[in-house]
$ cat work29.tsv   # TSV, C-alpha atoms and all ligand atoms
chain	number	residue	atom	x	y	z
A	107	MET	CA	6.85	-24.98	-12.09
A	108	VAL	CA	6.19	-22.09	-9.73
A	109	TYR	CA	6.49	-18.35	-9.56
A	110	VAL	CA	7.95	-16.43	-6.65
A	111	GLY	CA	6.15	-13.37	-5.34
A	112	VAL	CA	8.04	-11.09	-2.96
A	113	ASP	CA	6.19	-8.44	-0.98
A	114	ILE	CA	8.52	-5.91	0.65
A	115	GLY	CA	6.41	-4.02	3.18
A	116	ALA	CA	7.34	-1.37	5.71
A	117	THR	CA	7.25	-3.87	8.56
A	118	TYR	CA	7.31	-7.35	6.99
A	119	ILE	CA	8.84	-9.14	4.05
A	120	ARG	CA	6.59	-11.86	2.64
A	121	VAL	CA	7.66	-14.44	0.10
A	122	GLY	CA	5.26	-16.83	-1.62
A	123	LEU	CA	5.37	-19.63	-4.13
A	124	ILE	CA	2.46	-19.07	-6.49
A	125	ASP	CA	1.14	-21.21	-9.33
A	126	LYS	CA	0.31	-19.79	-12.75
A	127	ASN	CA	-3.34	-19.32	-11.75
A	128	GLY	CA	-2.51	-17.15	-8.77
A	129	ASN	CA	-2.91	-19.81	-6.06
A	130	VAL	CA	-0.59	-19.67	-3.07
A	131	ILE	CA	1.34	-22.93	-2.73
A	132	ASN	CA	3.52	-21.95	0.19
A	133	LYS	CA	4.56	-18.76	1.91
A	134	VAL	CA	6.70	-17.26	4.62
A	135	LYS	CA	6.75	-13.93	6.43
A	136	THR	CA	9.47	-12.25	8.43
A	137	LYS	CA	10.24	-8.86	9.97
A	138	GLN	CA	12.19	-6.33	7.95
A	139	PRO	CA	15.81	-6.20	9.07
A	140	SER	CA	16.35	-3.13	11.24
A	141	THR	CA	20.07	-2.68	10.70
A	142	GLY	CA	22.50	-3.37	7.89
A	143	ASP	CA	23.73	-2.00	4.59
A	144	GLU	CA	21.94	-1.54	1.27
A	145	ASN	CA	22.14	-5.29	0.55
A	146	VAL	CA	20.65	-6.59	3.80
A	147	VAL	CA	17.04	-6.60	2.57
A	148	ALA	CA	17.89	-8.40	-0.68
A	149	ASN	CA	20.07	-10.93	1.14
A	150	MET	CA	17.21	-11.77	3.47
A	151	ILE	CA	14.88	-12.21	0.47
A	152	ILE	CA	17.38	-14.48	-1.28
A	153	ARG	CA	17.58	-16.71	1.81
A	154	LEU	CA	13.80	-16.84	2.13
A	155	ILE	CA	13.32	-17.77	-1.53
A	156	ARG	CA	15.96	-20.53	-1.30
A	157	ASP	CA	14.40	-21.99	1.87
A	158	LEU	CA	10.91	-21.88	0.43
A	159	ALA	CA	11.56	-23.04	-3.12
A	160	MET	CA	14.00	-25.86	-2.23
A	161	ASP	CA	13.90	-28.14	-5.28
A	162	SER	CA	11.01	-26.47	-7.12
A	163	SER	CA	12.03	-25.03	-10.44
A	164	ILE	CA	11.30	-21.32	-10.40
A	165	GLU	CA	9.68	-19.95	-13.53
A	166	GLY	CA	9.91	-16.27	-12.64
A	167	ILE	CA	10.35	-13.82	-9.77
A	168	GLY	CA	8.15	-10.80	-9.22
A	169	ILE	CA	8.71	-8.21	-6.50
A	170	GLY	CA	6.37	-5.58	-5.11
A	171	SER	CA	8.16	-3.17	-2.82
A	172	ILE	CA	7.36	-0.17	-0.68
A	173	GLY	CA	8.38	2.96	-2.48
A	174	PRO	CA	9.17	5.40	-3.75
A	175	LEU	CA	11.18	3.42	-6.29
A	176	ASP	CA	13.95	4.14	-8.71
A	177	LEU	CA	12.91	1.55	-11.27
A	178	LYS	CA	15.77	2.23	-13.68
A	179	GLU	CA	18.31	1.32	-11.01
A	180	GLY	CA	16.07	-1.32	-9.44
A	181	ILE	CA	16.46	0.22	-5.98
A	182	VAL	CA	14.42	1.84	-3.24
A	183	PRO	CA	16.28	5.13	-2.80
A	184	TRP	CA	14.49	6.49	0.28
A	185	ALA	CA	11.56	4.68	1.87
A	186	PRO	CA	9.97	6.98	4.45
A	187	ASN	CA	8.33	4.16	6.47
A	188	ALA	CA	10.97	1.40	6.47
A	189	PRO	CA	13.77	0.77	8.99
A	190	ILE	CA	16.37	0.51	6.19
A	191	ARG	CA	15.62	3.52	4.04
A	192	ARG	CA	17.79	2.88	1.01
A	193	PHE	CA	18.26	-0.61	-0.38
A	194	LYS	CA	19.03	-2.52	-3.56
A	195	VAL	CA	16.41	-4.91	-4.89
A	196	ALA	CA	16.86	-6.06	-8.50
A	197	GLU	CA	20.63	-6.50	-8.82
A	198	PRO	CA	21.45	-8.84	-5.90
A	199	ILE	CA	18.39	-11.03	-6.53
A	200	ILE	CA	19.04	-11.33	-10.27
A	201	LYS	CA	22.68	-12.23	-9.55
A	202	ALA	CA	21.68	-14.83	-6.96
A	203	PHE	CA	19.12	-16.65	-9.13
A	204	ARG	CA	20.52	-15.89	-12.60
A	205	MET	CA	17.08	-15.07	-13.94
A	206	PRO	CA	15.06	-11.95	-14.82
A	207	VAL	CA	13.17	-10.18	-12.06
A	208	VAL	CA	10.10	-7.97	-12.46
A	209	LEU	CA	10.07	-5.15	-9.94
A	210	GLY	CA	7.20	-2.83	-9.14
A	211	ASN	CA	5.77	-0.91	-6.24
A	212	ASP	CA	3.75	-3.05	-3.78
A	213	ALA	CA	0.42	-1.48	-4.65
A	214	MET	CA	1.29	-1.72	-8.36
A	215	ALA	CA	1.80	-5.45	-7.84
A	216	ALA	CA	-1.44	-5.74	-5.90
A	217	VAL	CA	-3.53	-4.11	-8.63
A	218	TRP	CA	-1.96	-6.42	-11.21
A	219	GLY	CA	-2.83	-9.42	-9.02
A	220	GLU	CA	-6.43	-8.21	-8.70
A	221	TYR	CA	-6.54	-7.68	-12.47
A	222	LEU	CA	-5.29	-11.16	-13.36
A	223	PHE	CA	-6.77	-13.23	-10.54
A	224	GLY	CA	-8.87	-11.20	-8.13
A	225	ILE	CA	-12.11	-9.34	-7.70
A	226	GLY	CA	-11.08	-6.83	-10.35
A	227	LYS	CA	-10.38	-9.56	-12.91
A	228	GLY	CA	-10.54	-8.19	-16.42
A	229	ALA	CA	-11.59	-4.66	-15.43
A	230	ASP	CA	-9.41	-2.50	-17.68
A	231	ASN	CA	-9.84	0.54	-15.45
A	232	LEU	CA	-8.98	-0.68	-12.01
A	233	ILE	CA	-7.42	0.79	-8.88
A	234	TYR	CA	-6.10	-1.03	-5.83
A	235	MET	CA	-5.81	1.15	-2.73
A	236	THR	CA	-4.10	0.17	0.47
A	237	PHE	CA	-4.80	1.75	3.82
A	238	SER	CA	-2.31	0.51	6.41
A	239	THR	CA	0.99	1.91	7.72
A	240	GLY	CA	0.92	4.10	4.65
A	241	ILE	CA	-1.61	4.93	1.94
A	242	GLY	CA	-0.85	3.79	-1.60
A	243	ALA	CA	-2.41	2.76	-4.88
A	244	GLY	CA	-1.78	0.76	-7.98
A	245	ILE	CA	-3.57	2.01	-11.06
A	246	ILE	CA	-4.57	0.40	-14.35
A	247	VAL	CA	-6.00	2.70	-17.03
A	248	ASP	CA	-7.26	1.19	-20.29
A	249	GLY	CA	-5.51	-2.08	-19.47
A	250	HIS	CA	-2.10	-0.46	-18.90
A	251	LEU	CA	-0.40	-0.46	-15.53
A	252	LEU	CA	0.64	3.13	-14.80
A	253	VAL	CA	4.34	3.38	-14.03
A	254	GLY	CA	5.72	6.92	-14.55
A	255	LYS	CA	9.31	8.05	-15.14
A	256	ASP	CA	10.76	6.40	-12.01
A	257	GLY	CA	7.96	4.00	-11.10
A	258	ASN	CA	5.96	6.37	-8.93
A	259	ALA	CA	2.98	7.32	-11.12
A	260	HIS	CA	0.62	6.18	-8.41
A	261	GLU	CA	2.14	7.69	-5.26
A	262	ILE	CA	-1.23	9.08	-4.31
A	263	GLY	CA	-0.50	8.85	-0.58
A	264	HIS	CA	1.31	12.13	-1.11
A	265	LEU	CA	-1.63	13.98	-2.63
A	266	VAL	CA	-2.15	17.17	-0.68
A	267	ILE	CA	-5.45	16.97	1.18
A	268	ASP	CA	-5.11	19.93	3.57
A	269	ILE	CA	-3.14	23.04	2.61
A	270	ASN	CA	-3.40	24.36	6.18
A	271	SER	CA	-2.09	21.26	7.88
A	272	GLY	CA	1.02	21.54	10.02
A	273	ILE	CA	1.44	17.77	10.00
A	274	GLN	CA	4.55	16.66	8.17
A	275	CYS	CA	4.43	13.45	6.16
A	276	GLY	CA	7.19	10.84	6.45
A	277	CYS	CA	8.25	12.00	2.96
A	278	GLY	CA	8.87	15.54	4.19
A	279	GLY	CA	5.86	17.30	2.65
A	280	TYR	CA	2.93	18.78	4.58
A	281	GLY	CA	-0.78	17.98	4.60
A	282	HIS	CA	-0.46	14.78	2.57
A	283	TRP	CA	-3.20	12.15	2.51
A	284	GLU	CA	-0.88	9.65	4.15
A	285	ALA	CA	0.22	12.16	6.80
A	286	LEU	CA	-3.40	12.73	7.81
A	287	GLY	CA	-4.87	9.27	7.49
A	288	SER	CA	-2.36	6.41	7.54
A	289	GLY	CA	-2.06	3.98	10.43
A	290	ALA	CA	1.41	5.27	11.22
A	291	ASN	CA	0.23	8.86	11.53
A	292	ILE	CA	-3.15	8.70	13.27
A	293	PRO	CA	-1.54	8.90	16.76
A	294	ARG	CA	-0.02	12.28	15.78
A	295	VAL	CA	-3.09	13.51	13.91
A	296	ILE	CA	-5.47	12.91	16.81
A	297	LYS	CA	-3.20	14.98	19.08
A	298	GLU	CA	-3.59	17.91	16.70
A	299	PHE	CA	-7.31	17.24	16.44
A	300	ILE	CA	-7.98	17.65	20.18
A	301	LYS	CA	-6.18	20.99	20.46
A	302	GLY	CA	-8.59	23.52	21.97
A	303	LYS	CA	-11.31	20.87	22.42
A	304	SER	CA	-12.60	18.89	25.35
A	305	TYR	CA	-14.38	15.53	25.47
A	306	LYS	CA	-15.98	13.24	28.00
A	307	SER	CA	-13.89	10.36	26.77
A	308	ARG	CA	-11.45	7.76	28.01
A	309	LEU	CA	-9.37	8.25	24.87
A	310	TYR	CA	-9.23	11.99	25.52
A	311	ASP	CA	-8.21	11.41	29.15
A	312	LYS	CA	-5.45	9.06	28.06
A	313	LEU	CA	-4.20	11.51	25.44
A	314	THR	CA	-4.14	14.44	27.84
A	315	LYS	CA	-2.50	12.38	30.62
A	316	ASN	CA	0.02	10.19	28.80
A	317	GLY	CA	0.16	12.06	25.54
A	318	ASN	CA	-0.01	8.95	23.35
A	319	VAL	CA	-2.54	6.49	21.97
A	320	SER	CA	-2.12	3.89	19.23
A	321	THR	CA	-4.15	3.70	16.03
A	322	GLU	CA	-5.67	0.41	17.27
A	323	GLU	CA	-6.80	2.12	20.47
A	324	VAL	CA	-8.50	4.88	18.48
A	325	PHE	CA	-10.51	2.38	16.42
A	326	GLN	CA	-11.24	0.23	19.47
A	327	ALA	CA	-12.55	3.28	21.31
A	328	TYR	CA	-14.70	4.12	18.29
A	329	TYR	CA	-16.48	0.78	18.47
A	330	GLU	CA	-16.99	1.28	22.21
A	331	GLY	CA	-18.77	4.56	21.44
A	332	ASP	CA	-16.07	6.86	22.80
A	333	GLU	CA	-17.04	10.50	22.19
A	334	LEU	CA	-13.64	11.67	20.95
A	335	ALA	CA	-13.06	8.61	18.76
A	336	ARG	CA	-16.52	9.08	17.20
A	337	ASP	CA	-15.94	12.74	16.46
A	338	PHE	CA	-12.43	12.15	15.12
A	339	ILE	CA	-13.32	9.22	12.88
A	340	ASP	CA	-16.82	10.22	11.70
A	341	ASN	CA	-16.16	13.89	11.14
A	342	TYR	CA	-12.49	14.06	10.29
A	343	LEU	CA	-10.86	10.78	9.27
A	344	ALA	CA	-13.83	9.69	7.15
A	345	ARG	CA	-13.60	12.94	5.19
A	346	VAL	CA	-9.84	12.63	4.80
A	347	TYR	CA	-10.31	9.16	3.31
A	348	VAL	CA	-13.16	10.03	1.01
A	349	ALA	CA	-11.61	13.31	-0.17
A	350	GLY	CA	-8.52	11.35	-1.22
A	351	LEU	CA	-10.62	8.66	-2.90
A	352	VAL	CA	-12.52	11.32	-4.82
A	353	ASN	CA	-9.24	12.86	-6.03
A	354	VAL	CA	-8.21	9.44	-7.28
A	355	ILE	CA	-11.59	8.80	-8.99
A	356	SER	CA	-11.46	12.24	-10.64
A	357	ALA	CA	-7.95	11.63	-11.95
A	358	TYR	CA	-8.33	8.08	-13.30
A	359	ASP	CA	-12.02	7.31	-13.90
A	360	PRO	CA	-11.90	3.71	-12.59
A	361	GLU	CA	-14.65	1.10	-12.89
A	362	ILE	CA	-13.64	-0.60	-9.67
A	363	ILE	CA	-11.57	0.42	-6.67
A	364	VAL	CA	-10.38	-2.56	-4.65
A	365	LEU	CA	-9.56	-1.67	-1.06
A	366	GLY	CA	-6.92	-3.50	0.95
A	367	GLY	CA	-4.56	-2.91	3.86
A	368	SER	CA	-5.25	-3.74	7.49
A	369	MET	CA	-7.09	-0.51	8.33
A	370	ALA	CA	-9.64	-1.01	5.54
A	371	LEU	CA	-9.95	-4.79	5.94
A	372	ASN	CA	-10.41	-4.60	9.72
A	373	ASN	CA	-13.06	-1.89	9.41
A	374	LYS	CA	-14.99	-2.77	6.24
A	375	ASP	CA	-18.40	-1.54	7.38
A	376	LEU	CA	-16.88	1.65	8.65
A	377	PHE	CA	-15.21	2.34	5.31
A	378	LYS	CA	-18.42	1.56	3.42
A	379	GLY	CA	-20.22	4.04	5.69
A	380	PHE	CA	-17.62	6.77	5.06
A	381	ILE	CA	-18.04	6.37	1.33
A	382	GLU	CA	-21.84	6.41	1.47
A	383	ARG	CA	-21.75	9.54	3.57
A	384	TYR	CA	-19.20	11.68	1.81
A	385	LEU	CA	-18.50	10.44	-1.72
A	386	ARG	CA	-21.26	12.38	-3.45
A	387	HIS	CA	-20.41	15.43	-1.36
A	388	TYR	CA	-16.91	15.69	-2.86
A	389	LEU	CA	-17.30	14.08	-6.28
A	390	ALA	CA	-18.12	16.10	-9.40
A	391	ILE	CA	-21.79	15.57	-10.24
A	392	PRO	CA	-21.30	14.28	-13.83
A	393	ILE	CA	-18.76	11.61	-12.78
A	394	LYS	CA	-20.10	8.12	-12.30
A	395	PRO	CA	-18.56	6.77	-9.08
A	396	ALA	CA	-16.49	3.60	-9.13
A	397	ARG	CA	-17.65	0.35	-7.59
A	398	ILE	CA	-15.87	-0.13	-4.26
A	399	GLU	CA	-14.82	-3.66	-3.31
A	400	PHE	CA	-12.49	-5.20	-0.74
A	401	THR	CA	-9.67	-7.51	-1.72
A	402	GLU	CA	-10.40	-11.20	-1.17
A	403	PHE	CA	-6.70	-12.05	-0.95
A	404	GLY	CA	-6.19	-10.64	2.57
A	405	ASP	CA	-2.51	-10.48	3.51
A	406	ASP	CA	-1.59	-12.53	0.45
A	407	VAL	CA	-2.46	-9.75	-1.98
A	408	GLY	CA	1.17	-8.60	-2.05
A	409	ILE	CA	2.74	-11.97	-2.86
A	410	ILE	CA	0.02	-12.93	-5.37
A	411	GLY	CA	0.35	-9.54	-7.04
A	412	ALA	CA	4.14	-9.69	-7.13
A	413	ALA	CA	4.03	-13.14	-8.72
A	414	ALA	CA	1.41	-11.83	-11.17
A	415	LEU	CA	4.00	-9.29	-12.40
A	416	ALA	CA	6.17	-12.25	-13.42
A	417	ILE	CA	3.33	-14.49	-14.66
A	418	ARG	CA	2.18	-11.88	-17.19
A	419	THR	CA	4.50	-8.91	-17.18
A	420	PRO	CA	2.73	-5.57	-17.78
A	421	ASP	CA	3.90	-3.89	-21.02
A	422	THR	CA	4.91	-0.80	-19.05
A	423	LEU	CA	7.36	-2.79	-16.89
A	424	SER	CA	8.98	-4.92	-19.62
A	425	LYS	CA	11.60	-2.33	-20.54
A	426	TYR	CA	12.93	-2.39	-16.97
A	427	VAL	CA	13.18	-6.18	-17.04
A	428	GLU	CA	15.32	-5.73	-20.17
A	429	ARG	CA	17.48	-3.09	-18.49
A	430	TYR	CA	18.14	-5.34	-15.49
A	431	LYS	CA	19.69	-7.94	-17.78
A	432	ARG	CA	22.90	-5.89	-17.41
A	433	PHE	CA	23.12	-7.28	-13.86
A	434	LEU	CA	23.58	-10.78	-15.28
A	435	SER	CA	26.90	-9.94	-16.95
A	501	ZN	ZN	4.00	12.51	1.76

$ encode --input "work29.tsv" --output "structure tokens"
Amino acid sequence: MVYVGVDIGATYIRVGLIDKNGNVINKVKTKQPSTGDENVVANMIIRLIRDLAMDSSIEGIGIGSIGPLDLKEGIVPWAPNAPIRRFKVAEPIIKAFRMPVVLGNDAMAAVWGEYLFGIGKGADNLIYMTFSTGIGAGIIVDGHLLVGKDGNAHEIGHLVIDINSGIQCGCGGYGHWEALGSGANIPRVIKEFIKGKSYKSRLYDKLTKNGNVSTEEVFQAYYEGDELARDFIDNYLARVYVAGLVNVISAYDPEIIVLGGSMALNNKDLFKGFIERYLRHYLAIPIKPARIEFTEFGDDVGIIGAAALAIRTPDTLSKYVERYKRFLS
């Protein structure tokens, strides 16, 4: 008896077989399809589940997807970071396996996984934050997973951090947290940052000559002591991250914030340093800060979390599971 956890990311789709205690039994990962219609993502997932599960009897299927979501329809209507922007999720998978499916946003799934099985186990006020291609969060307040009218109660990547910013987010808005700090956007943001400035720096030379650097190069240069990378990360990016975190703490009053996503997990000490330096600067004095931890699930957080949605379905998602039963007829 196993549960299936499906993690639909911007770049990869991961599928895992998970036992009822949150242990990964088997898993597979593949690139998102880059062309096709609104069923191509679901069809790929169906194939992956069939290959992975073989003869195992599946107890439930949970899915955590990039958003924003339209939970009522069980679709992703317009994903700013994915190659296929609009795709169906719930309907084709329910029809293929003839069983209920629990769908949530990927960070929503991750926080539920941390709550049931992870470092945030049992903390009724818990936030999972991911810093990778995008910036997202899953939020539990008083033991309830926050969902919202369409499933986007936690789309904190689109909090406005800078009203003066001319940098447009993938979603279309300006000055959003994700636009200023996500892995996908740092190459654009650093170009803006150097305008009118000059550095003795290899990174700066590369930017002014070729016009482009990758996010990995920026962090690499930081660790090599590059002057531009130091200024950009210590004095700008760190503040962008902590300002956003403080907004989240002020809104939800969490006990624990679990950090995940490749940018945070590859730079743990750096992130800890940012928080030490700037948290108290931005946070209201009477508010007790949350404990900051890093996920111990690594890349598996998405599949474990997605399966967790099926293992113990959050009360706030149950009504959607009921609604999707129409796809069985
Ligand atoms: Zn945005």

$ residues_around --input "work29.tsv" --residues "Glu220 of chain A" --least-positions-apart "2" --cutoff "10 Å" --atoms "only C-alpha atoms" --output "MDAnalysis selection string"
chainID A and resid 128 215:218 222:229 232:234 364 401:403 407 410:411 414

$ residues_near_ligand --input "work29.tsv" --ligand "ligand ZN 501 (chain A)" --cutoff "9 Å" --atoms "all atoms listed in the file" --output "list in words"
Pro186, Glu261, Ile262, Gly263, His264, Leu265, Val266, Gln274, Cys275, Gly276, Cys277, Gly278, Gly279, Tyr280, Gly281, His282, Trp283, Glu284 and Ala285 of chain A

$ write_last_selection --input "work29.tsv" --atoms "C-alpha atoms" --output "short mmCIF file (atom, residue, chain, number, x, y, z; two decimals), keeping the file's coordinate frame"
data_model
loop_
_atom_site.label_atom_id
_atom_site.label_comp_id
_atom_site.auth_asym_id
_atom_site.auth_seq_id
_atom_site.Cartn_x
_atom_site.Cartn_y
_atom_site.Cartn_z
CA PRO A 186 9.97 6.98 4.45
CA GLU A 261 2.14 7.69 -5.26
CA ILE A 262 -1.23 9.08 -4.31
CA GLY A 263 -0.50 8.85 -0.58
CA HIS A 264 1.31 12.13 -1.11
CA LEU A 265 -1.63 13.98 -2.63
CA VAL A 266 -2.15 17.17 -0.68
CA GLN A 274 4.55 16.66 8.17
CA CYS A 275 4.43 13.45 6.16
CA GLY A 276 7.19 10.84 6.45
CA CYS A 277 8.25 12.00 2.96
CA GLY A 278 8.87 15.54 4.19
CA GLY A 279 5.86 17.30 2.65
CA TYR A 280 2.93 18.78 4.58
CA GLY A 281 -0.78 17.98 4.60
CA HIS A 282 -0.46 14.78 2.57
CA TRP A 283 -3.20 12.15 2.51
CA GLU A 284 -0.88 9.65 4.15
CA ALA A 285 0.22 12.16 6.80
#

$ residues_near_point --input "work29.tsv" --point "(11.9, 6.0, -11.2)" --cutoff "12 Å" --atoms "only C-alpha atoms" --output "list in words"
Gly173, Pro174, Leu175, Asp176, Leu177, Lys178, Glu179, Gly180, Ile181, Val182, Pro183, Trp184, Leu209, Gly210, Asn211, Val253, Gly254, Lys255, Asp256, Gly257, Asn258, Ala259, His260, Glu261, Leu423 and Tyr426 of chain A

$ write_last_selection --input "work29.tsv" --atoms "C-alpha atoms" --output "PDB file, in the frame of the given file"
ATOM      1  CA  GLY A 173       8.380   2.960  -2.480  1.00  0.00           C
ATOM      2  CA  PRO A 174       9.170   5.400  -3.750  1.00  0.00           C
ATOM      3  CA  LEU A 175      11.180   3.420  -6.290  1.00  0.00           C
ATOM      4  CA  ASP A 176      13.950   4.140  -8.710  1.00  0.00           C
ATOM      5  CA  LEU A 177      12.910   1.550 -11.270  1.00  0.00           C
ATOM      6  CA  LYS A 178      15.770   2.230 -13.680  1.00  0.00           C
ATOM      7  CA  GLU A 179      18.310   1.320 -11.010  1.00  0.00           C
ATOM      8  CA  GLY A 180      16.070  -1.320  -9.440  1.00  0.00           C
ATOM      9  CA  ILE A 181      16.460   0.220  -5.980  1.00  0.00           C
ATOM     10  CA  VAL A 182      14.420   1.840  -3.240  1.00  0.00           C
ATOM     11  CA  PRO A 183      16.280   5.130  -2.800  1.00  0.00           C
ATOM     12  CA  TRP A 184      14.490   6.490   0.280  1.00  0.00           C
ATOM     13  CA  LEU A 209      10.070  -5.150  -9.940  1.00  0.00           C
ATOM     14  CA  GLY A 210       7.200  -2.830  -9.140  1.00  0.00           C
ATOM     15  CA  ASN A 211       5.770  -0.910  -6.240  1.00  0.00           C
ATOM     16  CA  VAL A 253       4.340   3.380 -14.030  1.00  0.00           C
ATOM     17  CA  GLY A 254       5.720   6.920 -14.550  1.00  0.00           C
ATOM     18  CA  LYS A 255       9.310   8.050 -15.140  1.00  0.00           C
ATOM     19  CA  ASP A 256      10.760   6.400 -12.010  1.00  0.00           C
ATOM     20  CA  GLY A 257       7.960   4.000 -11.100  1.00  0.00           C
ATOM     21  CA  ASN A 258       5.960   6.370  -8.930  1.00  0.00           C
ATOM     22  CA  ALA A 259       2.980   7.320 -11.120  1.00  0.00           C
ATOM     23  CA  HIS A 260       0.620   6.180  -8.410  1.00  0.00           C
ATOM     24  CA  GLU A 261       2.140   7.690  -5.260  1.00  0.00           C
ATOM     25  CA  LEU A 423       7.360  -2.790 -16.890  1.00  0.00           C
ATOM     26  CA  TYR A 426      12.930  -2.390 -16.970  1.00  0.00           C
TER      27      TYR A 426
END

$ closest_residue --input "work29.tsv" --among "A:Asn318, A:Phe338, A:Lys431, A:Thr236" --to "Phe400 of chain A" --atoms "only C-alpha atoms"
A:Thr236

$ closest_residue --input "work29.tsv" --among "A:Asp212, A:Asp230, A:Glu298, A:Asp268" --to "Gly244 of chain A" --atoms "only C-alpha atoms"
A:Asp212

$ atom_distance --input "work29.tsv" --atom1 "atom CA of Ile169 of chain A" --atom2 "atom CA of Val110 of chain A"
8.3 Å

$ atom_distance --input "work29.tsv" --atom1 "atom CA of Ile152 of chain A" --atom2 "atom CA of Ala290 of chain A"
28.3 Å

$ closest_residue --input "work29.tsv" --among "A:Thr314, A:Ser140, A:Ser288, A:Thr419" --to "Gly168 of chain A" --atoms "only C-alpha atoms"
A:Thr419

$ atom_distance --input "work29.tsv" --atom1 "atom CA of Ser435 of chain A" --atom2 "atom CA of Ser163 of chain A"
22.2 Å

$ axis_aligned_box --input "work29.tsv" --around "segment 355-360 of chain A" --padding-each-side "3 Å" --output "lines of an AutoDock Vina configuration file"
center_x = -10.0
center_y = 8.0
center_z = -11.4
size_x = 10.1
size_y = 14.5
size_z = 10.9

$ closest_residue --input "work29.tsv" --among "A:Tyr358, A:Tyr109, A:Phe237, A:Tyr328" --to "Lys126 of chain A" --atoms "all atoms listed in the file"
A:Tyr109

$ closest_residue --input "work29.tsv" --among "A:Met107, A:Arg192, A:Val427, A:Thr422" --to "Val146 of chain A" --atoms "only C-alpha atoms"
A:Arg192

$ closest_residue --input "work29.tsv" --among "A:Pro198, A:Gly111, A:Gly317, A:Gly289" --to "Met150 of chain A" --atoms "all atoms listed in the file"
A:Pro198

$ residues_around --input "work29.tsv" --residues "Pro139 of chain A" --least-positions-apart "6" --cutoff "10 Å" --atoms "all atoms listed in the file" --output "list in words"
Thr117, Tyr118, Ile119, Val146, Val147, Met150, Ala188, Pro189 and Ile190 of chain A

$ residues_around --input "work29.tsv" --residues "Arg386 of chain A" --least-positions-apart "5" --cutoff "10 Å" --atoms "all atoms listed in the file" --output "NGL selection string"
:A and (348 or 352 or 381 or 391 or 393-395)

$ write_last_selection --input "work29.tsv" --atoms "C-alpha atoms" --output "compact mmCIF listing (two decimals), in the frame of the given file"
# COMPACT_ATOMS: atom_id res chain seq x y z
CA VAL A 348 -13.16 10.03 1.01
CA VAL A 352 -12.52 11.32 -4.82
CA ILE A 381 -18.04 6.37 1.33
CA ILE A 391 -21.79 15.57 -10.24
CA ILE A 393 -18.76 11.61 -12.78
CA LYS A 394 -20.10 8.12 -12.30
CA PRO A 395 -18.56 6.77 -9.08
